[in-house]
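Colleague: Dumping the structure here so I can ask a few things about it.
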Amino acid sequence: MILKINEELYSFTFAEKGILYENNKYPLGYKFINEPVTYIFDPDSYIVCEIGTDEAETVGNPIVFPSVTRGEVQKEYIKSLDDNNLNDIFKGLDKKEYWDTFWKYFDDGGEKFDAFNKFEKHYRVNKIINWCEENNIPYYIDKKDEFIKRIFEE
């Protein structure tokens, strides 16, 4: 078998799922929250599933699928820019301060924001590729997948 890197596989790197909570103190009586999820890969069937599900219980030798937080991508993006001024600005910030400061600098609704999003997409695909190589999982990049195709055309 060969693992196909496509949009669906890419989506598992976010490692979260949306949960709709019913609560009367929120407008419309509901609150949507993203909760962390761990996905596992079955090297026998090449499926990815959420840990703790019935499907996951059948996996004999699970391998944790790579996950990437937006905070991780932000830090790697700052490193990739190799800008001493930015490095000084972000040095020593806690998680919330880092997040807020990052968006203050890069959420311009234009070029800076687009450059970060492009970096994030490539970073996530590369995370899967590196994980495959580390775990000796044969793979190919499905460039017929429109989403993946756009990533590599950017």
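Residue names in the structure tokens use chain letters A, B, ... in the order shown, residue numbers from 1 in each chain, and ligand numbers from 1 in the order shown.
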Identify, on the basis of only C-alpha atoms, every residue whose closest approach to region 70-87 of chain A does not exceed 8 Å; exclude the query and any residue fewer than 5 positions from it along the same chain; express the result as a PyMOL selection string.
Modeller: chain A and resi 95+99+102+116+119-120+123
Colleague: With all heavy atoms kept, could you save the residues just selected as a compact mmCIF listing (two decimals), in the first residue's frame?
Modeller:
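The new file again04.txt reads:
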# COMPACT_ATOMS: atom_id res chain seq x y z
N LYS A 95 2.27 32.15 25.45
CA LYS A 95 1.47 31.63 24.33
C LYS A 95 0.44 32.65 23.83
O LYS A 95 0.33 32.90 22.63
CB LYS A 95 0.77 30.35 24.79
CG LYS A 95 0.12 29.56 23.73
CD LYS A 95 -0.44 28.26 24.33
CE LYS A 95 -1.12 27.42 23.29
NZ LYS A 95 -1.63 26.16 23.85
N TRP A 99 0.51 34.78 20.25
CA TRP A 99 -0.62 34.70 19.33
C TRP A 99 -1.10 36.11 18.95
O TRP A 99 -1.25 36.44 17.78
CB TRP A 99 -1.74 33.91 19.99
CG TRP A 99 -2.97 33.77 19.17
CD1 TRP A 99 -4.06 34.61 19.16
CD2 TRP A 99 -3.28 32.73 18.24
NE1 TRP A 99 -5.01 34.16 18.29
CE2 TRP A 99 -4.56 33.01 17.71
CE3 TRP A 99 -2.61 31.60 17.81
CZ2 TRP A 99 -5.18 32.18 16.76
CZ3 TRP A 99 -3.23 30.78 16.88
CH2 TRP A 99 -4.48 31.07 16.36
N PHE A 102 1.54 38.07 17.00
CA PHE A 102 1.68 37.54 15.64
C PHE A 102 0.62 38.12 14.73
O PHE A 102 0.91 38.62 13.64
CB PHE A 102 1.60 36.00 15.65
CG PHE A 102 1.83 35.41 14.29
CD1 PHE A 102 3.10 35.08 13.88
CD2 PHE A 102 0.77 35.21 13.41
CE1 PHE A 102 3.32 34.55 12.61
CE2 PHE A 102 0.97 34.68 12.15
CZ PHE A 102 2.26 34.35 11.75
N PHE A 116 1.74 33.96 5.07
CA PHE A 116 1.68 33.05 6.20
C PHE A 116 0.83 31.83 5.88
O PHE A 116 1.21 30.70 6.18
CB PHE A 116 1.13 33.74 7.45
CG PHE A 116 0.85 32.76 8.57
CD1 PHE A 116 1.88 32.15 9.25
CD2 PHE A 116 -0.46 32.42 8.90
CE1 PHE A 116 1.64 31.22 10.25
CE2 PHE A 116 -0.73 31.49 9.89
CZ PHE A 116 0.32 30.90 10.57
N PHE A 119 2.72 29.47 3.71
CA PHE A 119 3.72 28.78 4.53
C PHE A 119 3.07 27.67 5.34
O PHE A 119 3.59 26.55 5.41
CB PHE A 119 4.41 29.78 5.46
CG PHE A 119 5.41 29.15 6.38
CD1 PHE A 119 6.73 28.98 5.98
CD2 PHE A 119 5.03 28.70 7.65
CE1 PHE A 119 7.65 28.38 6.83
CE2 PHE A 119 5.95 28.11 8.50
CZ PHE A 119 7.26 27.95 8.09
N GLU A 120 1.92 27.97 5.96
CA GLU A 120 1.25 26.98 6.81
C GLU A 120 0.86 25.73 6.02
O GLU A 120 1.05 24.60 6.48
CB GLU A 120 0.00 27.58 7.45
CG GLU A 120 -0.73 26.57 8.34
CD GLU A 120 -1.93 27.14 9.05
OE1 GLU A 120 -2.50 28.16 8.60
OE2 GLU A 120 -2.31 26.55 10.08
N TYR A 123 3.94 23.77 5.30
CA TYR A 123 4.45 23.22 6.56
C TYR A 123 3.69 21.95 6.94
O TYR A 123 4.28 20.95 7.33
CB TYR A 123 4.35 24.27 7.66
CG TYR A 123 4.97 23.83 8.97
CD1 TYR A 123 6.33 23.94 9.17
CD2 TYR A 123 4.18 23.30 9.98
CE1 TYR A 123 6.91 23.53 10.37
CE2 TYR A 123 4.74 22.88 11.17
CZ TYR A 123 6.11 23.00 11.36
OH TYR A 123 6.68 22.59 12.54
Colleague: At a cut-off of 7 Å, using only C-alpha atoms, what residues contact Ile141 (chain A)? Leave out same-chain residues fewer than 5 positions from it and give the result as a ChimeraX atom specification.
Modeller: /A:4-6
Colleague: Those same residues, written as a PDB file, in the first residue's frame with C-alpha atoms?
Modeller:
ATOM      1  CA  LYS A   4      -2.034   9.169  -0.592  1.00  0.00           C
ATOM      2  CA  ILE A   5      -1.391  12.695   0.665  1.00  0.00           C
ATOM      3  CA  ASN A   6      -4.536  14.593  -0.234  1.00  0.00           C
TER       4      ASN A   6
END
Colleague: Would you work out the distance separating CA of Ile63 (chain A) from CA of Asp145 (chain A), expressed in Å to one decimal?
Modeller: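 We find that CA of Ile63 (chain A) and CA of Asp145 (chain A) lie 24.7 Å from each other.
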Colleague: Please, which residues of region 3-94 of chain A, numbered as in this document, come out strand (DSSP E) from DSSP, as a PyMOL selection string?
Modeller: chain A and resi 3-5+16-22+30-36+39-41+48-50+63-64
Colleague: Please produce a file of those selected residues containing C-alpha atoms, as a PDB file, in the first residue's frame.
Modeller:
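Final output, saved to selection.pdb:
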ATOM      1  CA  LEU A   3      -0.390   6.485   1.511  1.00  0.00           C
ATOM      2  CA  LYS A   4      -2.034   9.169  -0.592  1.00  0.00           C
ATOM      3  CA  ILE A   5      -1.391  12.695   0.665  1.00  0.00           C
ATOM      4  CA  GLU A  16      -9.213  19.139  16.492  1.00  0.00           C
ATOM      5  CA  LYS A  17     -12.906  18.731  16.057  1.00  0.00           C
ATOM      6  CA  GLY A  18     -15.747  21.163  16.458  1.00  0.00           C
ATOM      7  CA  ILE A  19     -18.229  20.487  19.228  1.00  0.00           C
ATOM      8  CA  LEU A  20     -21.526  22.348  19.483  1.00  0.00           C
ATOM      9  CA  TYR A  21     -22.477  22.877  23.120  1.00  0.00           C
ATOM     10  CA  GLU A  22     -25.975  23.827  24.167  1.00  0.00           C
ATOM     11  CA  TYR A  30     -25.163  27.357  21.553  1.00  0.00           C
ATOM     12  CA  LYS A  31     -21.405  27.669  21.657  1.00  0.00           C
ATOM     13  CA  PHE A  32     -19.045  26.113  19.107  1.00  0.00           C
ATOM     14  CA  ILE A  33     -15.691  24.972  20.524  1.00  0.00           C
ATOM     15  CA  ASN A  34     -12.747  23.284  18.830  1.00  0.00           C
ATOM     16  CA  GLU A  35     -11.480  20.476  21.040  1.00  0.00           C
ATOM     17  CA  PRO A  36      -8.158  18.700  20.611  1.00  0.00           C
ATOM     18  CA  TYR A  39      -5.572  10.750  15.361  1.00  0.00           C
ATOM     19  CA  ILE A  40      -3.865   7.426  14.817  1.00  0.00           C
ATOM     20  CA  PHE A  41      -2.731   5.683  11.664  1.00  0.00           C
ATOM     21  CA  VAL A  48      -6.545   7.419  10.010  1.00  0.00           C
ATOM     22  CA  CYS A  49      -9.052   7.529  12.831  1.00  0.00           C
ATOM     23  CA  GLU A  50      -9.730   9.335  16.066  1.00  0.00           C
ATOM     24  CA  ILE A  63       1.072   5.190  14.983  1.00  0.00           C
ATOM     25  CA  VAL A  64       0.101   8.662  16.173  1.00  0.00           C
TER      26      VAL A  64
END
Colleague: Mind listing the helix (DSSP H, G or I) residues of chain A, per DSSP on the backbone, as a VMD selection string?
Modeller: chain A and resid 7 to 14 27 to 29 54 to 57 70 to 81 84 to 90 95 to 106 111 to 134 146 to 153
Colleague: So how many Å separate CA of Lys143 (chain A) and CA of Glu7 (chain A), to one decimal?
Modeller: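 Answer for the CA of Lys143 (chain A) to CA of Glu7 (chain A) separation: 10.1 Å.
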Colleague: Just how far from CA of Ala15 (chain A) is CA of Ser67 (chain A), in Å to one decimal?
Modeller: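 Computing it gives 5.5 Å between the two atoms.
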